[in-house]
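Next comes model.cif, a file with mmCIF, C-alpha atoms and all ligand atoms.
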```cif
data_start
loop_
_atom_site.label_atom_id
_atom_site.label_comp_id
_atom_site.auth_asym_id
_atom_site.auth_seq_id
_atom_site.Cartn_x
_atom_site.Cartn_y
_atom_site.Cartn_z
CA MET L 1401 0.00 0.00 0.00
CA ASP L 1402 0.95 3.60 -0.40
CA PRO L 1403 4.27 3.97 1.48
CA ILE L 1404 3.65 7.69 1.87
CA ARG L 1405 0.61 6.96 4.02
CA ASN L 1406 2.42 4.31 6.06
CA PRO L 1407 1.67 5.34 9.65
CA TYR L 1408 4.17 3.16 11.56
CA ALA L 1409 7.24 4.71 13.10
CA PRO L 1410 10.17 2.46 14.01
CA GLY L 1411 13.04 4.53 15.40
CA ALA L 1412 14.68 5.60 18.64
CA GLY L 1413 12.41 8.02 20.47
CA GLN L 1414 10.06 8.15 17.47
CA ARG L 1415 6.59 9.07 18.62
CA PRO L 1416 4.35 6.14 17.73
CA PRO L 1417 1.13 6.85 15.84
CA GLU L 1418 -0.73 5.29 18.78
CA LEU L 1419 0.83 5.24 22.22
CA ALA L 1420 -0.69 1.96 23.30
CA GLY L 1421 -0.79 0.54 26.81
CA ARG L 1422 0.55 3.53 28.72
CA ASP L 1423 -2.71 5.12 29.87
CA ARG L 1424 -2.19 4.21 33.50
CA GLU L 1425 1.26 5.81 33.68
CA LEU L 1426 0.03 8.97 31.97
CA GLU L 1427 -2.93 9.23 34.29
CA GLN L 1428 -0.80 8.63 37.36
CA PHE L 1429 1.66 11.29 36.30
CA GLY L 1430 -1.16 13.77 35.81
CA VAL L 1431 -2.11 13.23 39.45
CA THR L 1432 1.53 13.59 40.50
CA LEU L 1433 1.82 16.95 38.75
CA GLU L 1434 -1.33 18.27 40.38
CA ARG L 1435 -0.26 17.09 43.81
CA VAL L 1436 3.22 18.55 43.55
CA ALA L 1437 1.89 21.88 42.29
CA ALA L 1438 -0.40 21.91 45.32
CA GLY L 1439 2.56 21.30 47.65
CA ARG L 1440 1.43 17.83 48.64
CA PRO L 1441 3.90 15.01 49.32
CA GLU L 1442 4.42 12.86 46.27
CA ARG L 1443 6.95 10.48 44.79
CA SER L 1444 8.43 11.07 41.39
CA MET L 1445 8.53 8.40 38.70
CA VAL L 1446 11.34 6.30 37.31
CA LEU L 1447 10.76 4.26 34.17
CA SER L 1448 12.91 1.25 33.45
CA GLY L 1449 12.98 -1.44 30.82
CA LEU L 1450 14.80 -3.06 27.95
CA ARG L 1451 15.91 -1.32 24.77
CA GLY L 1452 13.12 -0.35 22.41
CA VAL L 1453 10.20 -0.79 24.83
CA GLY L 1454 9.25 2.87 24.63
CA LYS L 1455 10.89 4.56 27.62
CA THR L 1456 11.99 7.66 25.73
CA VAL L 1457 8.63 7.97 24.04
CA LEU L 1458 6.82 7.67 27.37
CA LEU L 1459 9.20 10.12 29.02
CA ASN L 1460 8.45 12.61 26.23
CA ALA L 1461 4.72 12.04 26.66
CA LEU L 1462 5.03 12.73 30.41
CA ARG L 1463 6.92 15.89 29.58
CA GLY L 1464 4.06 16.82 27.26
CA GLN L 1465 1.67 16.56 30.20
CA ALA L 1466 3.82 18.91 32.25
CA VAL L 1467 3.98 21.37 29.35
CA THR L 1468 0.20 21.24 29.00
CA ARG L 1469 -0.07 22.27 32.64
CA ALA L 1470 2.25 25.22 31.92
CA TRP L 1471 5.08 23.75 33.98
CA GLY L 1472 8.67 24.58 33.13
CA THR L 1473 10.37 21.50 31.69
CA GLY L 1474 13.81 20.42 30.59
CA LYS L 1475 15.47 17.20 29.51
CA VAL L 1476 18.83 15.59 30.09
CA GLU L 1477 20.33 12.63 28.31
CA ALA L 1478 22.95 11.17 30.62
CA ARG L 1479 26.17 9.76 29.20
CA PRO L 1480 28.68 7.40 30.77
CA ASP L 1481 31.69 9.09 32.39
CA ARG L 1482 30.20 12.51 31.92
CA SER L 1483 29.25 14.81 34.76
CA ILE L 1484 25.60 15.89 34.81
CA ARG L 1485 26.32 19.41 36.02
CA ILE L 1486 26.26 21.12 32.63
CA PRO L 1487 23.48 18.99 31.12
CA VAL L 1488 21.37 19.69 34.24
CA ALA L 1489 22.16 23.39 33.97
CA GLN L 1490 21.01 23.32 30.34
CA ALA L 1491 17.78 21.54 31.22
CA VAL L 1492 17.06 23.87 34.12
CA HIS L 1493 17.78 26.81 31.85
CA ALA L 1494 15.22 25.56 29.33
CA ALA L 1495 12.68 25.02 32.12
CA VAL L 1496 13.23 28.46 33.60
CA ARG L 1497 12.79 30.09 30.21
CA GLU L 1498 9.40 28.45 29.90
CA VAL L 1499 8.14 30.06 33.10
CA SER L 1500 10.16 33.25 33.57
CA HIS L 1501 8.44 35.29 30.88
CA ARG L 1502 5.20 34.93 32.84
CA HIS L 1503 6.77 35.96 36.14
CA ARG L 1504 5.90 39.39 37.53
CA ASP L 1505 9.15 40.12 39.33
CA PRO L 1506 12.07 40.63 36.91
CA ASP L 1507 14.54 40.96 39.79
CA GLN L 1508 13.74 37.50 41.03
CA VAL L 1509 14.01 36.09 37.51
CA ASP L 1510 17.44 37.69 37.15
CA ARG L 1511 18.50 36.33 40.49
CA VAL L 1512 17.57 32.77 39.52
CA ALA L 1513 19.41 33.19 36.20
CA GLY L 1514 22.44 34.31 38.22
CA VAL L 1515 22.26 31.26 40.49
CA LEU L 1516 21.99 29.03 37.43
CA LYS L 1517 25.05 30.69 36.00
CA SER L 1518 27.12 30.22 39.14
CA PHE L 1519 25.96 26.57 39.29
CA ALA L 1520 27.07 25.99 35.70
CA LEU L 1521 30.35 27.83 36.08
CA ARG L 1522 31.34 25.58 38.95
CA THR L 1523 32.51 22.80 36.63
CA GLN L 1524 35.81 21.05 36.61
CA GLN L 1525 37.73 21.64 33.41
CA SER L 1526 37.44 17.89 32.72
CA ASP L 1527 33.64 18.03 32.95
CA ARG L 1528 33.47 20.64 30.27
CA LYS L 1529 35.08 18.78 27.41
CA GLY L 1530 32.77 18.52 24.44
CA MET L 1531 30.25 20.84 26.07
CA ARG L 1532 29.31 23.75 23.93
CA TRP L 1533 26.75 25.34 26.17
CA SER L 1534 27.65 28.42 28.11
CA PRO L 1535 25.38 29.96 30.70
CA PRO L 1536 23.26 32.98 29.79
CA VAL L 1537 25.76 35.82 29.32
CA GLU L 1538 23.44 38.59 30.39
CA ALA L 1539 22.97 37.07 33.84
CA VAL L 1540 25.34 38.07 36.62
CA ALA L 1541 26.57 35.01 38.48
CA ILE L 1542 25.45 35.05 42.11
CA ARG L 1543 28.52 34.07 44.06
CA GLY L 1544 28.04 31.75 46.99
CA ARG L 1545 24.86 30.13 45.76
CA ALA L 1546 24.80 26.67 44.10
CA ASP L 1547 28.54 26.92 43.48
CA SER L 1548 30.15 25.14 46.44
CA GLY L 1549 31.37 22.32 44.21
CA ASP L 1550 29.42 19.79 46.27
CA LEU L 1551 26.89 18.66 43.69
CA GLU L 1552 24.21 17.69 46.20
CA LEU L 1553 24.30 21.01 48.04
CA ASP L 1554 24.44 22.92 44.80
CA LEU L 1555 21.49 21.03 43.35
CA VAL L 1556 19.43 21.67 46.48
CA GLU L 1557 20.04 25.40 46.19
CA LEU L 1558 19.49 25.52 42.45
CA PHE L 1559 16.36 23.34 42.56
CA GLY L 1560 14.97 25.29 45.50
CA ASP L 1561 15.37 28.61 43.71
CA VAL L 1562 13.90 27.53 40.38
CA ALA L 1563 11.06 25.70 42.11
CA SER L 1564 10.11 28.82 44.00
CA LEU L 1565 10.07 30.81 40.77
CA ALA L 1566 7.63 28.30 39.26
CA GLY L 1567 5.73 28.09 42.53
CA ASP L 1568 4.97 31.80 42.36
CA LEU L 1569 3.01 31.01 39.20
CA GLY L 1570 1.18 28.07 40.74
CA VAL L 1571 3.11 25.56 38.64
CA GLY L 1572 6.31 23.54 39.02
CA ILE L 1573 9.51 22.49 37.31
CA ALA L 1574 9.94 19.01 35.85
CA LEU L 1575 13.29 17.65 34.74
CA PHE L 1576 13.37 14.52 32.61
CA ILE L 1577 16.50 12.39 32.61
CA ASP L 1578 16.91 9.72 29.93
CA GLU L 1579 19.54 6.96 30.09
CA MET L 1580 19.68 7.69 33.81
CA GLN L 1581 21.69 4.51 34.49
CA ASP L 1582 24.67 6.24 32.86
CA ILE L 1583 24.95 8.87 35.61
CA PRO L 1584 28.13 8.21 37.62
CA THR L 1585 27.28 6.70 41.03
CA GLU L 1586 28.40 9.65 43.18
CA GLU L 1587 26.36 12.03 41.07
CA LEU L 1588 23.34 9.74 41.17
CA ALA L 1589 23.60 9.82 44.95
CA ALA L 1590 23.85 13.61 44.88
CA LEU L 1591 20.80 13.85 42.64
CA CYS L 1592 18.77 11.55 44.90
CA GLY L 1593 19.88 13.53 47.93
CA ALA L 1594 18.77 16.76 46.32
CA CYS L 1595 15.39 15.30 45.30
CA HIS L 1596 14.90 14.03 48.83
CA GLU L 1597 15.61 17.43 50.34
CA ILE L 1598 13.47 19.29 47.80
CA SER L 1599 10.50 17.02 48.36
CA GLN L 1600 10.82 17.48 52.13
CA GLN L 1601 10.64 21.22 51.58
CA GLY L 1602 7.47 20.66 49.55
CA ALA L 1603 8.99 22.61 46.67
CA PRO L 1604 7.35 22.00 43.29
CA LEU L 1605 10.16 20.29 41.43
CA LEU L 1606 10.16 16.80 40.01
CA VAL L 1607 12.92 14.70 38.52
CA VAL L 1608 11.58 11.96 36.27
CA GLY L 1609 14.02 9.31 35.12
CA ALA L 1610 14.18 6.60 32.49
CA GLY L 1611 16.76 3.91 31.95
CA LEU L 1612 17.68 0.26 31.60
CA PRO L 1613 16.25 -2.45 33.84
CA HIS L 1614 18.99 -2.16 36.46
CA LEU L 1615 18.29 1.54 37.07
CA PRO L 1616 16.25 0.87 40.25
CA VAL L 1617 19.15 -1.21 41.58
CA ALA L 1618 21.64 1.53 40.71
CA LEU L 1619 19.47 4.11 42.47
CA ALA L 1620 19.07 1.94 45.57
CA ALA L 1621 22.84 1.41 45.67
CA SER L 1622 23.43 5.16 45.51
CA LYS L 1623 21.09 6.09 48.38
CA SER L 1624 19.31 3.73 50.68
CA TYR L 1625 16.10 5.74 50.64
CA ALA L 1626 15.88 5.88 46.80
CA GLU L 1627 13.17 3.25 46.94
CA ARG L 1628 10.89 5.58 48.85
CA LEU L 1629 11.78 8.54 46.67
CA PHE L 1630 10.53 7.19 43.36
CA ARG L 1631 7.63 5.22 42.04
CA TYR L 1632 9.24 2.59 39.83
CA VAL L 1633 7.40 1.85 36.64
CA SER L 1634 8.52 -1.07 34.57
CA VAL L 1635 8.05 -0.33 30.89
CA ASP L 1636 7.60 -3.61 29.10
CA ARG L 1637 6.39 -5.29 25.97
CA LEU L 1638 2.76 -4.71 25.12
CA PRO L 1639 0.15 -7.29 26.01
CA ARG L 1640 -1.70 -8.74 23.06
CA ASP L 1641 -4.69 -6.36 23.16
CA MET L 1642 -2.46 -3.28 23.38
CA ALA L 1643 -0.19 -4.41 20.54
CA GLU L 1644 -3.35 -4.95 18.52
CA ARG L 1645 -4.35 -1.38 19.27
CA ALA L 1646 -0.91 -0.17 18.20
CA TRP L 1647 -1.44 -1.77 14.76
CA ARG L 1648 -5.15 -1.28 14.23
CA VAL L 1649 -5.71 2.30 15.35
CA PRO L 1650 -3.18 3.99 13.01
CA ALA L 1651 -4.25 1.81 10.09
CA GLY L 1652 -7.88 2.58 10.87
CA THR L 1653 -7.33 6.30 10.43
CA GLU L 1654 -6.13 5.46 6.91
CA GLY L 1655 -9.18 3.26 6.29
CA VAL L 1656 -7.19 0.03 6.49
CA THR L 1657 -8.02 -3.05 8.57
CA PHE L 1658 -6.27 -6.32 9.50
CA GLU L 1659 -7.43 -9.90 9.34
CA ASP L 1660 -7.34 -11.43 12.83
CA ALA L 1661 -4.87 -14.03 11.62
CA ALA L 1662 -2.52 -11.25 10.50
CA ILE L 1663 -2.56 -9.71 13.97
CA ASP L 1664 -1.97 -13.12 15.54
CA GLU L 1665 1.06 -13.67 13.36
CA LEU L 1666 2.42 -10.17 13.97
CA TYR L 1667 2.14 -10.67 17.70
CA ARG L 1668 3.84 -14.05 17.52
CA LEU L 1669 6.75 -12.53 15.60
CA THR L 1670 7.18 -9.38 17.67
CA ASP L 1671 6.28 -10.62 21.17
CA GLY L 1672 4.67 -7.20 21.52
CA TYR L 1673 8.01 -5.37 21.83
CA PRO L 1674 7.16 -1.82 20.76
CA TYR L 1675 10.13 -1.33 18.44
CA PHE L 1676 9.30 -4.59 16.66
CA VAL L 1677 5.62 -3.67 16.61
CA GLN L 1678 6.50 -0.58 14.58
CA ALA L 1679 9.15 -2.27 12.42
CA TYR L 1680 6.90 -5.18 11.40
CA GLY L 1681 3.90 -2.91 11.03
CA LYS L 1682 5.82 -0.71 8.64
CA VAL L 1683 7.10 -3.46 6.35
CA THR L 1684 3.78 -5.32 6.39
CA TRP L 1685 1.97 -2.18 5.30
CA ASP L 1686 4.35 -1.69 2.39
CA VAL L 1687 4.05 -5.31 1.29
CA ALA L 1688 0.23 -5.47 1.45
CA VAL L 1689 -1.60 -4.49 -1.72
CA ASP L 1690 -5.01 -3.85 -0.31
CA THR L 1691 -7.14 -3.75 2.84
CA PRO L 1692 -7.62 -5.90 4.84
CA ILE L 1693 -4.01 -6.75 5.53
CA ARG L 1694 -3.77 -10.55 5.48
CA TRP L 1695 -1.78 -13.28 7.15
CA THR L 1696 0.00 -13.91 3.84
CA ASP L 1697 1.12 -10.26 3.77
CA VAL L 1698 2.70 -10.70 7.19
CA MET L 1699 4.42 -13.90 6.09
CA GLN L 1700 5.80 -12.14 3.06
CA ALA L 1701 6.93 -9.13 5.08
CA ALA L 1702 8.59 -11.07 7.90
CA PRO L 1703 11.95 -11.86 6.25
CA GLU L 1704 12.32 -8.26 5.12
CA ALA L 1705 11.45 -6.88 8.54
CA GLU L 1706 13.87 -9.30 10.13
CA ALA L 1707 16.62 -8.29 7.70
CA GLU L 1708 16.05 -4.63 8.49
CA LEU L 1709 16.22 -5.29 12.21
CA ALA L 1710 19.37 -7.39 11.71
CA VAL L 1711 21.10 -4.37 10.22
CA GLY L 1712 19.59 -1.43 12.07
CA PHE L 1713 18.51 -2.66 15.47
CA PHE L 1714 20.83 -5.59 16.23
CA GLY L 1715 23.73 -5.16 13.82
CA ALA L 1716 24.43 -1.55 14.69
CA ARG L 1717 24.74 -2.55 18.33
CA TYR L 1718 26.81 -5.66 17.68
CA ASP L 1719 29.23 -3.55 15.62
CA ARG L 1720 29.91 -1.29 18.58
CA ALA L 1721 31.39 -4.19 20.57
CA THR L 1722 35.06 -5.18 20.56
CA PRO L 1723 36.05 -8.73 19.51
CA ALA L 1724 36.38 -9.79 23.17
CA GLU L 1725 32.97 -8.29 23.96
CA ARG L 1726 31.45 -10.12 21.00
CA ASP L 1727 32.81 -13.45 22.23
CA TYR L 1728 31.28 -12.67 25.59
CA MET L 1729 27.86 -11.97 24.06
CA VAL L 1730 27.98 -15.08 21.89
CA ALA L 1731 28.65 -17.13 25.02
CA MET L 1732 25.69 -15.41 26.71
CA ALA L 1733 23.52 -16.26 23.72
CA ASP L 1734 24.61 -19.92 23.78
CA LEU L 1735 23.82 -20.18 27.47
CA GLY L 1736 20.53 -18.36 27.06
CA GLU L 1737 19.16 -20.71 24.45
CA ASP L 1738 17.07 -22.78 26.85
CA THR L 1739 16.04 -19.95 29.16
CA GLN L 1740 14.74 -17.40 26.63
CA ASP L 1741 17.77 -15.25 27.36
CA LEU L 1742 16.88 -14.48 30.92
CA ALA L 1743 19.89 -13.61 33.05
CA VAL L 1744 22.84 -15.99 32.76
CA SER L 1745 25.52 -16.53 35.37
CA THR L 1746 28.89 -14.91 34.78
CA ALA L 1747 30.56 -18.01 36.22
CA ASP L 1748 28.90 -20.13 33.52
CA ILE L 1749 30.13 -17.72 30.85
CA ALA L 1750 33.69 -18.05 32.13
CA LYS L 1751 33.37 -21.82 32.16
CA LEU L 1752 32.08 -21.90 28.60
CA LEU L 1753 34.86 -19.63 27.38
CA ASP L 1754 37.40 -21.54 29.46
CA ARG L 1755 38.62 -18.37 31.13
CA ARG L 1756 39.04 -17.10 34.67
CA PRO L 1757 36.02 -15.01 35.66
CA GLN L 1758 38.14 -11.95 36.59
CA SER L 1759 39.79 -11.94 33.17
CA LEU L 1760 36.37 -11.38 31.63
CA SER L 1761 35.53 -8.33 33.72
CA PRO L 1762 36.79 -5.81 31.13
CA ALA L 1763 34.53 -7.33 28.45
CA ARG L 1764 31.56 -7.38 30.80
CA ASP L 1765 32.14 -3.83 32.02
CA GLY L 1766 32.62 -2.62 28.45
CA LEU L 1767 29.29 -4.14 27.44
CA ILE L 1768 27.53 -2.61 30.42
CA LYS L 1769 28.99 0.79 29.61
CA LYS L 1770 27.85 0.44 26.01
CA GLY L 1771 24.37 -0.37 27.27
CA LEU L 1772 24.26 -3.79 25.59
CA VAL L 1773 24.20 -5.82 28.77
CA PHE L 1774 23.02 -5.20 32.31
CA SER L 1775 23.47 -6.86 35.62
CA GLY L 1776 20.28 -6.77 37.64
CA GLU L 1777 21.62 -9.19 40.21
CA ARG L 1778 25.15 -9.91 41.39
CA GLY L 1779 26.89 -12.57 39.37
CA THR L 1780 24.46 -12.50 36.46
CA VAL L 1781 24.15 -10.62 33.20
CA ALA L 1782 21.38 -10.24 30.61
CA PHE L 1783 20.96 -8.56 27.25
CA THR L 1784 19.37 -5.11 27.28
CA VAL L 1785 18.14 -5.69 23.74
CA PRO L 1786 15.11 -7.96 23.36
CA HIS L 1787 15.63 -10.98 21.05
CA PHE L 1788 19.37 -10.25 20.98
CA GLY L 1789 20.33 -13.78 21.99
CA LYS L 1790 18.08 -15.17 19.28
CA PHE L 1791 19.70 -12.82 16.77
CA LEU L 1792 23.22 -13.91 17.72
CA ARG L 1793 22.27 -17.59 17.54
CA SER L 1794 20.80 -17.02 14.08
CA GLN L 1795 24.17 -15.66 12.93
CA ARG L 1796 25.99 -18.89 13.73
N1 LIG R 1801 3.31 2.41 23.71
C1 LIG R 1801 3.75 2.23 22.45
N2 LIG R 1801 2.92 1.77 21.49
C2 LIG R 1801 3.40 1.61 20.24
N3 LIG R 1801 4.64 1.85 19.84
C3 LIG R 1801 5.51 2.30 20.76
C4 LIG R 1801 5.11 2.51 22.10
N4 LIG R 1801 6.16 2.96 22.79
C5 LIG R 1801 7.19 3.04 21.92
N5 LIG R 1801 6.81 2.64 20.69
C6 LIG R 1801 7.70 2.57 19.53
O1 LIG R 1801 8.83 1.79 19.91
C7 LIG R 1801 10.03 2.33 19.40
C8 LIG R 1801 11.05 2.52 20.52
O2 LIG R 1801 10.67 3.54 21.42
P1 LIG R 1801 11.73 4.29 22.36
O3 LIG R 1801 12.85 4.81 21.55
O4 LIG R 1801 10.98 5.19 23.22
O5 LIG R 1801 12.27 3.06 23.22
P2 LIG R 1801 13.33 3.11 24.42
O6 LIG R 1801 12.80 2.23 25.49
O7 LIG R 1801 13.65 4.50 24.78
O8 LIG R 1801 14.61 2.42 23.76
P3 LIG R 1801 16.16 2.64 24.12
O9 LIG R 1801 16.42 1.89 25.39
O10 LIG R 1801 16.89 2.01 22.96
O11 LIG R 1801 16.41 4.11 24.22
C9 LIG R 1801 9.66 3.60 18.65
O12 LIG R 1801 9.62 3.30 17.28
C10 LIG R 1801 8.27 3.94 19.15
O13 LIG R 1801 7.50 4.56 18.15
MG MG R 1802 15.39 5.63 24.78
#
```

Output the structure of this file as structure tokens.
Ligand SMILES: Nc1ncnc2c1ncn2[C@@H]1O[C@H](COP(=O)(O)OP(=O)(O)OP(=O)(O)O)[C@@H](O)[C@H]1O
Ligand SMILES: [Mg+2]
Amino acid sequence: MDPIRNPYAPGAGQRPPELAGRDRELEQFGVTLERVAAGRPERSMVLSGLRGVGKTVLLNALRGQAVTRAWGTGKVEARPDRSIRIPVAQAVHAAVREVSHRHRDPDQVDRVAGVLKSFALRTQQSDRKGMRWSPPVEAVAIRGRADSGDLELDLVELFGDVASLAGDLGVGIALFIDEMQDIPTEELAALCGACHEISQQGAPLLVVGAGLPHLPVALAASKSYAERLFRYVSVDRLPRDMAERAWRVPAGTEGVTFEDAAIDELYRLTDGYPYFVQAYGKVTWDVAVDTPIRWTDVMQAAPEAEAELAVGFFGARYDRATPAERDYMVAMADLGEDTQDLAVSTADIAKLLDRRPQSLSPARDGLIKKGLVFSGERGTVAFTVPHFGKFLRSQR
């Protein structure tokens, strides 16, 4: 069918034509925003899940809700080995801009801009590499506020000041942090500490995070009270009825329907993983000649969809790994064959590769840093990418 009208959207952070199965989270977050704006005690949200399940898309949708309520919002994408000070300053800057033009007191707005500037200026030279952003030039840095160099203290002061600016307008500030698992441990602890303090003050500022499945563990390891600070939401593959909605609703707006058998087959092939839902939906649409889309169309589309995923979704990630890391993943895939690639034991990997466990640590750590593997439990590892073990086995 007409590829120009193809509604499906495979791609990182690509807004799907129908955001299926996330109503509860959206609704819950709406309540959170209202409660925080009203100064009531409330936990923020942390989304976690495998690659391609729709964390970024959901995070963006939550941000959309905050924007609708006229909150100031900003977003950070954390990177391994990179301090969050400047990215946070950038996000706070964006959020402040969204509210400051409505504020009645220009002196207070200037003061907050000055605090933001002193916060941002307090970076180590090493933290600044590759960072192009410089704080607003017109603002005069306020010395002695948010610039102690202790990230937790500085965040508390910065967050407190921007929250009060938003609070004057009856709204709040929401910061969204994607790939949150990549924040260095000490900084994650500082961020949790600041959120804890800010929520005790009842200040209207929320930090919403998203990351890989071990993010809750990483947060708990950074501060013991992290569990009580956040509401953990596991973002997962779509149940059958929601995947069906993700295919049928967008097609419906184009006047196209599916045979039930086609949906059954699509679900069998994709397991309801959102990225696969979009990828298979897209190819199937292109292959089909007419409505309704049939089982035979899906069968014809499947090899092509699989080939596209092999290059774009799996291959691109595999290519990022070093030879030693690839051997490690192939061993994981071999061991995962009977267990649907649930976590495998690192001791078993060492045994299979006939190596001492410690000698494999660099490969494991490299894979974790590259976001290909995670360790949710001591002594085990699992793929962050759904169907990755199956893909590697198919390459044998
Ligand atoms: N609820 C949903 N319904 C239908 N499609 C979805 C849904 N959520 C996400 N998608 C689709 O899934 C794909 C992946 O989404 P997204 O990039 O948000 O995943 P992610 O979890 O952030 O992945 P990564 O860990 O690689 O960053 C996109 O093509 C998006 O359109
Ligand atoms: Mg993402």

Inset, instruction - Counting all atoms listed in the file, figure out which residue out of L:Arg1628, L:Arg1463, L:Arg1482, L:Arg1645 gets nearest to ligand LIG 1801 (chain R). - result: L:Arg1645

Inset, instruction - Please check which residues have atoms at most 12 Å from (25.6, 35.0, 39.8) in the file's coordinates, counting only C-alpha atoms, and write them as a ChimeraX atom specification. - result: /L:1509-1522,1535-1547,1558

Legend entry - Pairwise distance for atom CA of L:Lys1770 and atom CA of L:Pro1487, rounded to one decimal in Å: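 Here the two named atoms are 19.7 Å from each other.
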
Contacts of L:Met1401 at 8 Å or less, counting only C-alpha atoms, minus same-chain residues fewer than 5 places along, as a PDB file with C-alpha atoms, in the frame of the given file?
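In the end it all went to around_7.pdb:
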```pdb
ATOM      1  CA  ASN L1406       2.420   4.310   6.060  1.00  0.00           C
ATOM      2  CA  TRP L1685       1.970  -2.180   5.300  1.00  0.00           C
ATOM      3  CA  ASP L1686       4.350  -1.690   2.390  1.00  0.00           C
ATOM      4  CA  VAL L1687       4.050  -5.310   1.290  1.00  0.00           C
ATOM      5  CA  ALA L1688       0.230  -5.470   1.450  1.00  0.00           C
ATOM      6  CA  VAL L1689      -1.600  -4.490  -1.720  1.00  0.00           C
ATOM      7  CA  ASP L1690      -5.010  -3.850  -0.310  1.00  0.00           C
TER       8      ASP L1690
END
```

Legend entry - Coordinates-based distance that separates atom N4 of ligand LIG 1801 (chain R) from atom CA of L:Tyr1675 (Å, one decimal): 7.3 Å

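Taking atom CA of L:Leu1772 and atom CA of L:Glu1587 as endpoints, the distance between them is 22.2 Å.
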
Legend entry - For L:Arg1422: contacts at 10 Å, only C-alpha atoms, fewer than 6 positions along chain excluded, given as a list in words: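 After dropping sequence-adjacent residues, the list is Gly1454, Leu1458, Ala1461, Val1635, Leu1638 and Met1642 of chain L.
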
So that I can see what lies close to L:Ala1574, please list as a CSV table (one decimal) with C-alpha atoms, keeping the file's coordinate frame the residues with an atom at most 7 Å from it, counting all atoms listed in the file and leaving out residues fewer than 5 positions away in the same chain.
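Resulting contents of selection09.csv:
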```csv
chain,number,residue,atom,x,y,z
L,1472,GLY,CA,8.7,24.6,33.1
L,1473,THR,CA,10.4,21.5,31.7
L,1474,GLY,CA,13.8,20.4,30.6
L,1605,LEU,CA,10.2,20.3,41.4
L,1606,LEU,CA,10.2,16.8,40.0
L,1607,VAL,CA,12.9,14.7,38.5
```

Under the rule of at most 6 Å, produce a per-residue listing of chain L near ligand LIG 1801 (chain R): chain, number, name, the closest pair of atoms, and the distance in Å, as CSV, using only C-alpha atoms and all ligand atoms.
```
residue,atom,partner,partner_atom,distance
L:Ala1409,CA,R:LIG1801,O12,5.0
L:Pro1410,CA,R:LIG1801,O12,3.4
L:Gly1411,CA,R:LIG1801,O12,4.1
L:Ala1412,CA,R:LIG1801,O3,3.5
L:Gly1413,CA,R:LIG1801,O3,3.4
L:Gln1414,CA,R:LIG1801,O13,4.5
L:Arg1415,CA,R:LIG1801,O13,4.6
L:Pro1416,CA,R:LIG1801,O13,3.5
L:Glu1418,CA,R:LIG1801,C2,5.7
L:Leu1419,CA,R:LIG1801,N1,4.0
L:Ala1420,CA,R:LIG1801,N2,4.0
L:Gly1421,CA,R:LIG1801,N1,5.5
L:Arg1422,CA,R:LIG1801,N1,5.8
L:Leu1450,CA,R:LIG1801,O9,5.8
L:Arg1451,CA,R:LIG1801,O9,3.3
L:Gly1452,CA,R:LIG1801,O8,3.4
L:Val1453,CA,R:LIG1801,O6,4.0
L:Gly1454,CA,R:LIG1801,O4,3.2
L:Lys1455,CA,R:LIG1801,O6,3.7
L:Thr1456,CA,R:LIG1801,O4,3.7
L:Val1457,CA,R:LIG1801,O4,3.7
L:Ala1646,CA,R:LIG1801,C2,5.1
L:Pro1674,CA,R:LIG1801,O1,4.1
L:Tyr1675,CA,R:LIG1801,O1,3.7
L:Gln1678,CA,R:LIG1801,O12,5.7
```

For L:Ser1599, list every protein, DNA or RNA residue within 9 Å, evaluated using all atoms listed in the file, and leave out those in the same chain fewer than 5 positions away; present the list as a CSV table (one decimal) with C-alpha atoms, keeping the file's coordinate frame.
```csv
chain,number,residue,atom,x,y,z
L,1436,VAL,CA,3.2,18.6,43.6
L,1441,PRO,CA,3.9,15.0,49.3
L,1442,GLU,CA,4.4,12.9,46.3
L,1443,ARG,CA,7.0,10.5,44.8
L,1594,ALA,CA,18.8,16.8,46.3
L,1604,PRO,CA,7.4,22.0,43.3
L,1605,LEU,CA,10.2,20.3,41.4
L,1606,LEU,CA,10.2,16.8,40.0
L,1629,LEU,CA,11.8,8.5,46.7
```

Legend entry - All residues 12 Å or closer to L:Gln1758, only C-alpha atoms, same chain fewer than 5 positions away omitted, as a list in words: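 Near neighbours after the sequence-gap exclusion: Thr1746, Ala1747, Ile1749, Ala1750, Lys1751, Ala1763, Arg1764, Asp1765 and Gly1779 of chain L.
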
Legend entry - From L:Val1562, L:Pro1692, L:Leu1447, L:Pro1786, residue lying nearest L:Gln1740 [all atoms listed in the file]: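 Smallest separation from L:Gln1740 among the options: L:Pro1786.
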
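With all atoms listed in the file as the atoms that count, the minimum distance from ligand MG 1802 (chain R) to the choices L:Tyr1408, L:His1787, L:Ser1761, L:Ala1610 is reached by L:Ala1610.
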
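Here the residues that fall within 7 Å of (18.8, -1.1, 29.3), using all atoms listed in the file, are given as L:Gly1449, L:Leu1450, L:Arg1451, L:Gly1611, L:Leu1612, L:Pro1613, L:Gly1771, L:Phe1774, L:Thr1784.
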
Which centre and edge lengths in Å to one decimal define the box along x, y and z that fits every listed atom of stretch 1717-1726 of chain L plus 3 Å per side, as lines of an AutoDock Vina configuration file?
```
center_x = 30.6
center_y = -5.7
center_z = 19.8
size_x = 17.6
size_y = 14.8
size_z = 14.3
```

Legend entry - Of the listed residues L:Leu1752, L:Leu1735, L:Leu1459, L:Leu1426, that which approaches ligand MG 1802 (chain R) most closely, counting all atoms listed in the file: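 Of L:Leu1752, L:Leu1735, L:Leu1459, L:Leu1426, the one nearest ligand MG 1802 (chain R) is L:Leu1459, counting all atoms listed in the file.
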